Amino acid sequence: MKILQHHVRLIGFLLAMAIIFFSYCCQHVFNFRPCLLCTMQRGVFAALGLVFFIAFAHQYFKGPARFYGLITALLSILGATLSGRQLYLQSLPPQPNEVCIPGVSYLFHQFPFLDAVKMIFTASQECGRVEWMFLHISMAGWSLIFFIVFFVLSIVILAQKLQK
């Protein structure tokens with residue numbers, strides 16, 4: 001069982017890093033401009049990768065594996081919420097007078113935390129643009145799929161620790 005738990009943590013870390021690498025390639029090589037929700041999802045993937053890496057490095061100590069599983073599960077739910085919101089915006093018809101929302105750093109510097117979070121979740125339809133599709137699934141759809149995969153990996157970590 002310990003070998004499987006070891007592999008799950010490593011797979012989670014490597015998968016998160018591959019997703020972040022791909023998102024930066026799309027931005028800098030293919031010139032896709034990430035929207036606000038894309039940027040937030042990228043941050044959640046980075047946080048997931050960091051937690052999986054810490055869990056992987058922490059495996060040699062008698063540490064709180066359930067804590068890592070819980071944190072990654074909560075981050076996965078947050079990411080799935082963000083990508084679900086983006087998929088919802090993609091399903092809406094385009095609006096003629098679309099107003100862009102400024103970047104994440106500007107929002108959190110200029111507005112109180114809760115107002116900035118509200119603006120992110122009520123993002124404009126700029127986040128509804130589909131610039132890339134693979135197998136008829138948009139990037140937000142793939143993000144949702146990978147957040148579900150991370151959630152399953154989190155449950156595996158939690159379940160393995162509970163069996164001991």
# chains A, B, ... in the order shown; residues from 1 in each chain; ligands from 1

$ residues_around --residues "A:Gly12" --least-positions-apart "3" --cutoff "7 Å" --atoms "only C-alpha atoms" --output "VMD selection string"
chain A and resid 8 to 9 15 to 16 49 52 150

$ residues_around --residues "stretch 138-144 of chain A" --least-positions-apart "5" --cutoff "12 Å" --atoms "only C-alpha atoms" --output "VMD selection string"
chain A and resid 15 to 16 19 to 20 22 to 23 26 32 34 to 35 37 to 42 44 to 45 76 to 91 127 to 133 149 to 151

$ write_last_selection --atoms "C-alpha atoms" --output "mmCIF file, in the first residue's frame"
data_model
loop_
_atom_site.group_PDB
_atom_site.id
_atom_site.type_symbol
_atom_site.label_atom_id
_atom_site.label_comp_id
_atom_site.auth_asym_id
_atom_site.auth_seq_id
_atom_site.Cartn_x
_atom_site.Cartn_y
_atom_site.Cartn_z
ATOM 1 C CA LEU A 15 0.453 15.913 -13.610
ATOM 2 C CA ALA A 16 0.028 19.359 -12.060
ATOM 3 C CA ILE A 19 -0.682 21.095 -16.883
ATOM 4 C CA ILE A 20 1.042 24.303 -15.793
ATOM 5 C CA PHE A 22 1.094 23.289 -21.096
ATOM 6 C CA SER A 23 -0.807 26.403 -20.023
ATOM 7 C CA CYS A 26 -0.353 27.984 -24.839
ATOM 8 C CA PHE A 32 -3.494 32.512 -26.119
ATOM 9 C CA PRO A 34 -5.608 33.684 -20.401
ATOM 10 C CA CYS A 35 -8.739 35.199 -18.905
ATOM 11 C CA LEU A 37 -10.786 32.387 -14.557
ATOM 12 C CA CYS A 38 -7.950 30.721 -16.518
ATOM 13 C CA THR A 39 -5.397 32.506 -14.360
ATOM 14 C CA MET A 40 -7.174 31.437 -11.191
ATOM 15 C CA GLN A 41 -7.340 27.818 -12.387
ATOM 16 C CA ARG A 42 -3.615 27.925 -13.141
ATOM 17 C CA VAL A 44 -5.084 26.204 -8.202
ATOM 18 C CA PHE A 45 -3.092 23.744 -10.341
ATOM 19 C CA SER A 76 -9.741 20.279 -6.474
ATOM 20 C CA ILE A 77 -13.264 21.355 -5.561
ATOM 21 C CA LEU A 78 -12.250 25.017 -5.831
ATOM 22 C CA GLY A 79 -10.689 24.409 -9.246
ATOM 23 C CA ALA A 80 -13.721 22.452 -10.444
ATOM 24 C CA THR A 81 -15.925 25.344 -9.359
ATOM 25 C CA LEU A 82 -13.822 27.816 -11.337
ATOM 26 C CA SER A 83 -13.741 25.670 -14.459
ATOM 27 C CA GLY A 84 -17.461 24.920 -14.115
ATOM 28 C CA ARG A 85 -18.155 28.647 -14.033
ATOM 29 C CA GLN A 86 -16.041 29.109 -17.148
ATOM 30 C CA LEU A 87 -17.895 26.286 -18.925
ATOM 31 C CA TYR A 88 -21.163 27.979 -17.996
ATOM 32 C CA LEU A 89 -19.931 31.272 -19.488
ATOM 33 C CA GLN A 90 -18.877 29.418 -22.627
ATOM 34 C CA SER A 91 -22.389 28.060 -23.034
ATOM 35 C CA CYS A 127 -13.958 34.122 -19.992
ATOM 36 C CA GLY A 128 -16.530 32.500 -22.265
ATOM 37 C CA ARG A 129 -14.319 32.648 -25.359
ATOM 38 C CA VAL A 130 -13.152 29.294 -26.641
ATOM 39 C CA GLU A 131 -9.701 29.607 -28.195
ATOM 40 C CA TRP A 132 -8.640 25.970 -28.167
ATOM 41 C CA MET A 133 -10.408 22.616 -28.337
ATOM 42 C CA VAL A 149 -8.763 13.407 -11.516
ATOM 43 C CA PHE A 150 -7.010 15.336 -8.726
ATOM 44 C CA PHE A 151 -10.057 14.896 -6.516
#

$ closest_residue --among "A:Tyr68, A:Phe13, A:Phe30, A:Phe111" --to "A:Val156" --atoms "only C-alpha atoms"
A:Tyr68

$ atom_distance --atom1 "atom CA of A:Phe67" --atom2 "atom CA of A:Leu153"
13.5 Å

$ atom_distance --atom1 "atom CA of A:Ala159" --atom2 "atom CA of A:Ala18"
25.4 Å
